[in-house]
file start-v3.txt (compact mmCIF, C-alpha atoms and all ligand atoms)
# COMPACT_ATOMS: atom_id res chain seq x y z
CA MET A 15 -21.91 6.92 -5.62
CA SER A 16 -22.15 5.38 -2.18
CA GLU A 17 -19.09 6.38 -0.25
CA LEU A 18 -16.95 3.90 1.57
CA GLN A 19 -14.54 5.77 3.78
CA PRO A 20 -11.85 3.73 5.47
CA ASN A 21 -11.11 5.44 8.76
CA LYS A 22 -8.69 4.93 11.60
CA THR A 23 -10.88 2.21 13.11
CA ILE A 24 -10.60 0.13 9.97
CA LEU A 25 -7.05 0.93 8.96
CA ARG A 26 -5.66 1.29 12.51
CA LEU A 27 -2.82 3.57 11.37
CA GLU A 28 -1.32 5.43 14.33
CA LEU A 29 -0.22 8.60 12.57
CA PRO A 30 -2.14 10.49 9.89
CA THR A 31 -0.27 11.77 6.84
CA ASP A 32 1.13 15.30 7.06
CA PRO A 33 -1.64 17.42 5.47
CA ARG A 34 0.99 19.34 3.46
CA TRP A 35 1.62 16.20 1.43
CA VAL A 36 -1.55 16.38 -0.68
CA ASN A 37 -0.83 19.96 -1.77
CA ILE A 38 2.70 19.24 -2.85
CA ALA A 39 1.53 16.02 -4.49
CA GLU A 40 -1.08 17.79 -6.61
CA LYS A 41 1.49 20.28 -7.87
CA ASN A 42 3.72 17.39 -8.94
CA ILE A 43 1.14 15.07 -10.41
CA GLU A 44 3.49 13.66 -13.10
CA GLU A 45 6.02 12.60 -10.43
CA ILE A 46 3.28 11.25 -8.18
CA LEU A 47 1.69 9.22 -10.98
CA VAL A 48 5.06 7.76 -12.00
CA ASP A 49 5.82 6.81 -8.40
CA HIS A 50 2.30 5.45 -8.01
CA ALA A 51 2.69 3.26 -11.12
CA TYR A 52 5.77 1.66 -9.54
CA CYS A 53 3.94 1.20 -6.22
CA GLU A 54 1.38 -0.90 -8.13
CA GLN A 55 4.16 -2.83 -9.88
CA LYS A 56 5.86 -3.49 -6.54
CA ALA A 57 2.59 -4.62 -4.98
CA ALA A 58 2.11 -7.14 -7.82
CA THR A 59 5.75 -8.27 -7.64
CA SER A 60 5.64 -8.72 -3.87
CA ALA A 61 2.50 -10.86 -4.08
CA ILE A 62 4.07 -12.99 -6.84
CA SER A 63 7.13 -13.57 -4.60
CA LEU A 64 4.86 -14.76 -1.80
CA ILE A 65 3.09 -17.20 -4.14
CA VAL A 66 6.44 -18.60 -5.31
CA LYS A 67 7.81 -18.85 -1.77
CA TYR A 68 4.72 -20.48 -0.22
CA PRO A 69 3.19 -22.68 -2.97
CA ASP A 70 1.96 -25.13 -0.31
CA LYS A 71 -0.41 -22.50 1.17
CA THR A 72 -3.42 -23.01 -1.10
CA LYS A 73 -5.55 -20.19 0.29
CA LEU A 74 -2.65 -17.75 -0.03
CA VAL A 75 -1.94 -18.85 -3.60
CA ASP A 76 -5.61 -18.42 -4.59
CA GLU A 77 -6.14 -15.04 -2.92
CA LEU A 78 -2.84 -13.55 -4.01
CA THR A 79 -3.34 -14.72 -7.59
CA ASP A 80 -6.48 -12.55 -7.70
CA LEU A 81 -4.65 -9.71 -5.96
CA VAL A 82 -1.79 -9.76 -8.48
CA ALA A 83 -4.32 -9.38 -11.29
CA GLU A 84 -5.90 -6.40 -9.51
CA GLU A 85 -2.57 -4.71 -8.80
CA TRP A 86 -1.55 -5.16 -12.40
CA SER A 87 -4.81 -3.65 -13.58
CA HIS A 88 -4.07 -0.70 -11.26
CA PHE A 89 -0.65 -0.37 -12.92
CA GLU A 90 -2.35 -0.27 -16.34
CA ARG A 91 -4.81 2.35 -15.11
CA VAL A 92 -2.05 4.60 -13.74
CA LEU A 93 -0.19 4.22 -17.02
CA GLU A 94 -3.34 5.31 -18.85
CA GLN A 95 -3.61 8.43 -16.64
CA LEU A 96 0.03 9.27 -17.39
CA LYS A 97 -0.51 8.85 -21.15
CA LYS A 98 -3.66 11.01 -21.11
CA ARG A 99 -1.57 13.83 -19.66
CA GLY A 100 1.23 13.38 -22.19
CA TYR A 101 3.65 11.81 -19.71
CA GLY A 102 5.72 8.63 -19.95
CA LEU A 103 6.34 6.04 -17.27
CA GLY A 104 9.64 7.53 -16.11
CA ARG A 105 12.23 5.73 -14.05
CA ASN A 106 11.72 3.64 -10.98
CA ARG A 107 13.04 5.12 -7.73
CA PRO A 108 13.70 3.57 -4.35
CA ASP A 109 10.72 3.57 -2.00
CA GLU A 110 12.37 4.49 1.30
CA TYR A 111 9.15 3.84 3.23
CA VAL A 112 8.83 0.27 1.93
CA VAL A 113 12.58 -0.37 2.32
CA GLN A 114 12.50 0.69 5.97
CA LEU A 115 9.31 -1.20 6.76
CA SER A 116 10.53 -4.39 5.05
CA LYS A 117 13.58 -4.49 7.35
CA HIS A 118 11.14 -5.59 10.06
CA ILE A 119 10.26 -8.84 8.28
CA ARG A 120 12.14 -11.25 10.57
CA LYS A 121 14.30 -13.78 8.76
CA GLY A 122 15.54 -17.15 10.01
CA ASP A 123 14.15 -20.64 10.11
CA LYS A 124 10.67 -19.80 11.39
CA ARG A 125 8.89 -19.98 8.04
CA GLU A 126 5.38 -19.22 9.34
CA ARG A 127 6.62 -16.27 11.39
CA GLN A 128 8.37 -14.80 8.38
CA LEU A 129 5.21 -15.28 6.34
CA MET A 130 3.14 -13.51 9.02
CA ASP A 131 5.57 -10.57 9.10
CA HIS A 132 5.56 -10.31 5.32
CA LEU A 133 1.75 -10.38 5.15
CA LEU A 134 1.43 -7.76 7.91
CA VAL A 135 4.00 -5.46 6.31
CA ASN A 136 2.06 -5.74 3.05
CA ALA A 137 -1.15 -4.97 4.97
CA LEU A 138 0.42 -1.78 6.35
CA ILE A 139 1.61 -0.65 2.93
CA GLU A 140 -1.94 -1.18 1.63
CA ALA A 141 -3.37 0.76 4.59
CA ARG A 142 -1.01 3.70 4.11
CA SER A 143 -1.63 3.75 0.34
CA CYS A 144 -5.35 3.66 1.02
CA GLU A 145 -5.03 6.62 3.40
CA ARG A 146 -3.05 8.59 0.80
CA PHE A 147 -5.56 7.77 -1.96
CA LYS A 148 -8.32 9.01 0.31
CA LEU A 149 -6.47 12.32 0.74
CA LEU A 150 -6.07 12.62 -3.02
CA TRP A 151 -9.72 11.74 -3.64
CA LYS A 152 -10.89 14.32 -1.09
CA ASN A 153 -8.54 17.16 -1.98
CA ILE A 154 -7.40 17.00 -5.56
CA GLN A 155 -9.03 19.39 -8.06
CA ASP A 156 -8.91 17.14 -11.13
CA GLU A 157 -12.32 15.37 -11.25
CA GLU A 158 -11.14 12.37 -13.21
CA LEU A 159 -8.33 11.76 -10.71
CA GLN A 160 -10.77 12.18 -7.81
CA LYS A 161 -12.86 9.30 -9.15
CA PHE A 162 -9.73 7.28 -9.96
CA TYR A 163 -8.32 7.64 -6.45
CA TYR A 164 -11.67 6.89 -4.84
CA GLU A 165 -11.85 3.58 -6.72
CA LEU A 166 -8.27 2.65 -5.89
CA MET A 167 -8.80 3.57 -2.23
CA VAL A 168 -11.68 1.07 -2.01
CA SER A 169 -9.63 -1.64 -3.73
CA GLU A 170 -6.55 -1.16 -1.49
CA ALA A 171 -8.76 -1.24 1.63
CA GLY A 172 -9.91 -4.69 0.48
CA HIS A 173 -6.29 -5.79 0.03
CA TYR A 174 -5.44 -4.57 3.52
CA VAL A 175 -8.21 -6.75 4.97
CA SER A 176 -7.12 -9.76 2.86
CA PHE A 177 -3.50 -9.58 4.07
CA VAL A 178 -4.51 -9.41 7.75
CA LYS A 179 -6.95 -12.32 7.27
CA LEU A 180 -4.29 -14.40 5.54
CA ALA A 181 -1.86 -13.79 8.42
CA LYS A 182 -4.54 -15.13 10.80
CA GLU A 183 -5.00 -18.15 8.57
CA TYR A 184 -1.46 -19.32 9.25
CA MET A 185 -0.67 -18.02 12.74
CA PRO A 186 -2.78 -17.80 15.94
CA PHE A 187 -4.96 -14.69 16.24
CA ASP A 188 -3.27 -13.40 19.41
CA VAL A 189 0.21 -13.76 17.90
CA VAL A 190 -0.89 -11.86 14.78
CA ASP A 191 -2.55 -9.12 16.83
CA ALA A 192 0.50 -8.64 19.04
CA ARG A 193 2.86 -8.45 16.07
CA PHE A 194 0.52 -6.13 14.19
CA LYS A 195 0.49 -3.73 17.16
CA GLU A 196 4.31 -3.67 17.12
CA LEU A 197 4.40 -3.08 13.38
CA LEU A 198 1.81 -0.28 13.62
CA GLN A 199 4.14 1.52 16.05
CA ILE A 200 7.13 0.93 13.78
CA GLU A 201 5.18 2.19 10.76
CA SER A 202 4.16 5.39 12.52
CA GLU A 203 7.79 6.07 13.51
CA ILE A 204 8.90 5.59 9.90
CA ILE A 205 6.21 8.00 8.67
CA ARG A 206 7.10 10.51 11.40
CA ASN A 207 10.74 10.56 10.28
CA LEU A 208 10.16 10.72 6.53
CA GLU A 209 9.82 14.22 5.05
CA PRO A 210 6.73 14.44 2.80
CA ARG A 211 8.20 14.45 -0.70
CA PRO A 212 6.71 15.92 -3.86
CA ASP A 213 7.72 12.89 -5.91
CA ARG A 214 6.63 10.02 -3.71
CA MET A 215 3.34 8.33 -2.98
CA HIS A 216 4.71 7.38 0.49
FE FE B 1 -3.10 -1.31 -6.10
FE FE B 2 -3.20 -3.20 -3.14
call {"tool": "encode", "arguments": {"input": "start-v3.txt", "output": "C-alpha cells"}}
result
Amino acid sequence: MSELQPNKTILRLELPTDPRWVNIAEKNIEEILVDHAYCEQKAATSAISLIVKYPDKTKLVDELTDLVAEEWSHFERVLEQLKKRGYGLGRNRPDEYVVQLSKHIRKGDKRERQLMDHLLVNALIEARSCERFKLLWKNIQDEELQKFYYELMVSEAGHYVSFVKLAKEYMPFDVVDARFKELLQIESEIIRNLEPRPDRMH
C-alpha cells in the first residue's frame, strides 16, 4: 500500500491533536464509532444544504453531489464496523467542535461571503477529521480499523482540498487566503479549549 500522509503543510492545521486522545478513543471504540457515524451523516447533510442553498453554482452542485455520495458511503461503512462488533448506531449527540466553528460563518446579505465561510469551515472540519483518522490509523491496534481509517483519511484529505478549491472558485484567491488564515486561528483556539473526550471524534 503506497502511503499518502497528509501533513501540516497540506492540512495547515495550527494545533495538533492532544496525543492522549487516541488512547482514550481506542478504549471507547463503540462510542467513537457511533460519534464517527454521525460525523459522516452531518458531512453529507451539510453538503446537501449547500446544494439546496446555491443551486445556481453549477460546479458546487456537481462536486458536492459526488461528495454527498462519498460521505454517505462512509456512513454505511462505519455502520458496518459497528455491526461487526455487535453494536448499534446509538444516539446522536451534539458536536461542540462543529457548533463552535459554525458560529464563525458570517450571516447577512453577502451571499458569496457566506458561501466562502461555509466552504472554509467545512474544509477545516475535513482537515481535523483527516488528522484524527491519521492518528487512529497509526496508533490503533485493531488491524481492520487501521486499514479503514487509512482509507477514510485519504478520502477526507481529498474533500478538504475540494472545499478550499470551491471557495476560490467563487471568491478572489487573496480574500479566501486571508479568511482561511483567520479561521485556522479560530479552529486552533477551539481545539485548545476542548477537553479530549472519550466519546467524540472531535
Ligand atoms: Fe467522510
Ligand atoms: Fe469528508
call {"tool": "residues_around", "arguments": {"input": "start-v3.txt", "residues": "segment 100-111 of chain A", "least_positions_apart": "5", "cutoff": "7 Å", "atoms": "all atoms listed in the file", "output": "list in words"}}
result
Glu44, Val48, Tyr52, Leu93, Ile204 and His216 of chain A
call {"tool": "residues_near_ligand", "arguments": {"input": "start-v3.txt", "ligand": "ligand FE 1 (chain B)", "cutoff": "7 Å", "atoms": "only C-alpha atoms and all ligand atoms", "output": "list in words"}}
result
Glu54, Ala57, Glu84, Glu85, His88, Leu166, Ser169 and Glu170 of chain A
call {"tool": "closest_atom_pairs", "arguments": {"input": "start-v3.txt", "of": "chain A", "to": "ligand FE 2 (chain B)", "cutoff": "12 Å", "atoms": "all atoms listed in the file", "output": "tab-separated table"}}
result
residue	atom	partner	partner_atom	distance
A:His50	CA	B:FE2	FE	11.3
A:Ala51	CA	B:FE2	FE	11.8
A:Cys53	CA	B:FE2	FE	8.9
A:Glu54	CA	B:FE2	FE	7.2
A:Gln55	CA	B:FE2	FE	10.0
A:Lys56	CA	B:FE2	FE	9.7
A:Ala57	CA	B:FE2	FE	6.2
A:Ala58	CA	B:FE2	FE	8.1
A:Thr59	CA	B:FE2	FE	11.2
A:Ser60	CA	B:FE2	FE	10.4
A:Ala61	CA	B:FE2	FE	9.6
A:Leu78	CA	B:FE2	FE	10.4
A:Asp80	CA	B:FE2	FE	10.9
A:Leu81	CA	B:FE2	FE	7.2
A:Val82	CA	B:FE2	FE	8.6
A:Ala83	CA	B:FE2	FE	10.3
A:Glu84	CA	B:FE2	FE	7.6
A:Glu85	CA	B:FE2	FE	5.9
A:Trp86	CA	B:FE2	FE	9.6
A:Ser87	CA	B:FE2	FE	10.6
A:His88	CA	B:FE2	FE	8.5
A:Phe89	CA	B:FE2	FE	10.5
A:Asn136	CA	B:FE2	FE	8.5
A:Ala137	CA	B:FE2	FE	8.6
A:Leu138	CA	B:FE2	FE	10.3
A:Ile139	CA	B:FE2	FE	8.2
A:Glu140	CA	B:FE2	FE	5.3
A:Ala141	CA	B:FE2	FE	8.7
A:Arg142	CA	B:FE2	FE	10.2
A:Ser143	CA	B:FE2	FE	7.9
A:Cys144	CA	B:FE2	FE	8.3
A:Glu145	CA	B:FE2	FE	11.9
A:Phe147	CA	B:FE2	FE	11.3
A:Glu165	CA	B:FE2	FE	11.6
A:Leu166	CA	B:FE2	FE	8.2
A:Met167	CA	B:FE2	FE	8.8
A:Val168	CA	B:FE2	FE	9.6
A:Ser169	CA	B:FE2	FE	6.6
A:Glu170	CA	B:FE2	FE	4.3
A:Ala171	CA	B:FE2	FE	7.6
A:Gly172	CA	B:FE2	FE	7.8
A:His173	CA	B:FE2	FE	5.1
A:Tyr174	CA	B:FE2	FE	7.2
A:Val175	CA	B:FE2	FE	10.2
A:Ser176	CA	B:FE2	FE	9.7
A:Phe177	CA	B:FE2	FE	9.6
call {"tool": "atom_distance", "arguments": {"input": "start-v3.txt", "atom1": "atom CA of Thr79 of chain A", "atom2": "atom CA of Arg120 of chain A"}}
result
24.1 Å
call {"tool": "atom_distance", "arguments": {"input": "start-v3.txt", "atom1": "atom CA of Glu40 of chain A", "atom2": "atom CA of Leu25 of chain A"}}
result
23.7 Å
call {"tool": "atom_distance", "arguments": {"input": "start-v3.txt", "atom1": "atom CA of Met215 of chain A", "atom2": "atom CA of Val36 of chain A"}}
result
9.7 Å
call {"tool": "residues_around", "arguments": {"input": "start-v3.txt", "residues": "Asn207 of chain A", "least_positions_apart": "4", "cutoff": "12 Å", "atoms": "only C-alpha atoms", "output": "PyMOL selection string"}}
result
chain A and resi 29+31-32+110-111+114+200-203+211+216
call {"tool": "residues_around", "arguments": {"input": "start-v3.txt", "residues": "Leu64 of chain A", "least_positions_apart": "6", "cutoff": "10 Å", "atoms": "only C-alpha atoms", "output": "JSON, numbers by chain"}}
result
{"A": [71, 74, 75, 78, 129, 132, 133]}
call {"tool": "closest_residue", "arguments": {"input": "start-v3.txt", "among": "A:Val135, A:Leu115, A:Ile43, A:Ala192", "to": "Leu208 of chain A", "atoms": "only C-alpha atoms"}}
result
A:Leu115
call {"tool": "residues_around", "arguments": {"input": "start-v3.txt", "residues": "Phe194 of chain A", "least_positions_apart": "3", "cutoff": "10 Å", "atoms": "only C-alpha atoms", "output": "MDAnalysis selection string"}}
result
chainID A and resid 26 130:131 134:135 137:138 178 181 188:191 197:200
call {"tool": "axis_aligned_box", "arguments": {"input": "start-v3.txt", "around": "segment 114-130 of chain A", "padding_each_side": "5 Å", "output": "lines of an AutoDock Vina configuration file"}}
result
center_x = 9.3
center_y = -10.0
center_z = 8.2
size_x = 22.4
size_y = 31.3
size_z = 16.3
call {"tool": "closest_residue", "arguments": {"input": "start-v3.txt", "among": "A:Val112, A:Lys97, A:Arg125, A:Lys117", "to": "Ile205 of chain A", "atoms": "all atoms listed in the file"}}
result
A:Val112
call {"tool": "closest_residue", "arguments": {"input": "start-v3.txt", "among": "A:Leu180, A:Ile154, A:Val92, A:Ala39", "to": "Asp76 of chain A", "atoms": "only C-alpha atoms"}}
result
A:Leu180
call {"tool": "closest_residue", "arguments": {"input": "start-v3.txt", "among": "A:Glu126, A:Glu28, A:Glu94, A:Glu157", "to": "Lys182 of chain A", "atoms": "all atoms listed in the file"}}
result
A:Glu126
call {"tool": "closest_residue", "arguments": {"input": "start-v3.txt", "among": "A:Pro33, A:Asp123, A:His118, A:Asn42", "to": "Lys152 of chain A", "atoms": "only C-alpha atoms"}}
result
A:Pro33
call {"tool": "decode", "arguments": {"input": "start-v3.txt", "residues": "segment 49-97 of chain A", "atoms": "C-alpha atoms", "output": "mmCIF file, in the first residue's frame"}}
result
data_model
loop_
_atom_site.group_PDB
_atom_site.id
_atom_site.type_symbol
_atom_site.label_atom_id
_atom_site.label_comp_id
_atom_site.auth_asym_id
_atom_site.auth_seq_id
_atom_site.Cartn_x
_atom_site.Cartn_y
_atom_site.Cartn_z
ATOM 1 C CA ASP A 49 -19.900 9.531 17.013
ATOM 2 C CA HIS A 50 -17.977 8.956 13.800
ATOM 3 C CA ALA A 51 -21.104 7.617 12.047
ATOM 4 C CA TYR A 52 -22.903 10.868 12.888
ATOM 5 C CA CYS A 53 -19.921 12.934 11.703
ATOM 6 C CA GLU A 54 -20.344 11.262 8.297
ATOM 7 C CA GLN A 55 -24.104 11.893 8.378
ATOM 8 C CA LYS A 56 -23.512 15.554 9.249
ATOM 9 C CA ALA A 57 -20.942 15.908 6.471
ATOM 10 C CA ALA A 58 -23.484 14.565 3.955
ATOM 11 C CA THR A 59 -26.283 16.735 5.376
ATOM 12 C CA SER A 60 -24.150 19.879 5.321
ATOM 13 C CA ALA A 61 -23.188 19.323 1.678
ATOM 14 C CA ILE A 62 -26.854 18.734 0.749
ATOM 15 C CA SER A 63 -27.772 22.059 2.435
ATOM 16 C CA LEU A 64 -25.146 23.845 0.354
ATOM 17 C CA ILE A 65 -26.508 22.315 -2.862
ATOM 18 C CA VAL A 66 -30.042 23.410 -1.959
ATOM 19 C CA LYS A 67 -28.926 26.914 -0.951
ATOM 20 C CA TYR A 68 -26.712 27.548 -4.006
ATOM 21 C CA PRO A 69 -28.373 25.693 -6.928
ATOM 22 C CA ASP A 70 -27.082 28.366 -9.337
ATOM 23 C CA LYS A 71 -23.439 27.380 -8.650
ATOM 24 C CA THR A 72 -23.057 24.531 -11.143
ATOM 25 C CA LYS A 73 -19.542 23.497 -10.157
ATOM 26 C CA LEU A 74 -20.522 23.400 -6.492
ATOM 27 C CA VAL A 75 -23.640 21.352 -7.238
ATOM 28 C CA ASP A 76 -21.632 18.829 -9.297
ATOM 29 C CA GLU A 77 -18.740 18.442 -6.855
ATOM 30 C CA LEU A 78 -20.873 18.311 -3.742
ATOM 31 C CA THR A 79 -23.235 15.771 -5.301
ATOM 32 C CA ASP A 80 -20.255 13.414 -5.602
ATOM 33 C CA LEU A 81 -19.106 14.318 -2.092
ATOM 34 C CA VAL A 82 -22.523 13.545 -0.580
ATOM 35 C CA ALA A 83 -22.378 10.078 -2.139
ATOM 36 C CA GLU A 84 -18.915 9.517 -0.656
ATOM 37 C CA GLU A 85 -19.898 10.739 2.812
ATOM 38 C CA TRP A 86 -22.944 8.514 2.755
ATOM 39 C CA SER A 87 -20.818 5.538 1.767
ATOM 40 C CA HIS A 88 -18.563 6.398 4.736
ATOM 41 C CA PHE A 89 -21.653 6.378 6.973
ATOM 42 C CA GLU A 90 -22.552 2.905 5.660
ATOM 43 C CA ARG A 91 -19.005 1.688 6.268
ATOM 44 C CA VAL A 92 -18.960 2.950 9.865
ATOM 45 C CA LEU A 93 -22.328 1.296 10.425
ATOM 46 C CA GLU A 94 -20.865 -1.956 9.123
ATOM 47 C CA GLN A 95 -17.938 -1.686 11.576
ATOM 48 C CA LEU A 96 -20.393 -1.118 14.430
ATOM 49 C CA LYS A 97 -22.492 -4.146 13.410
#
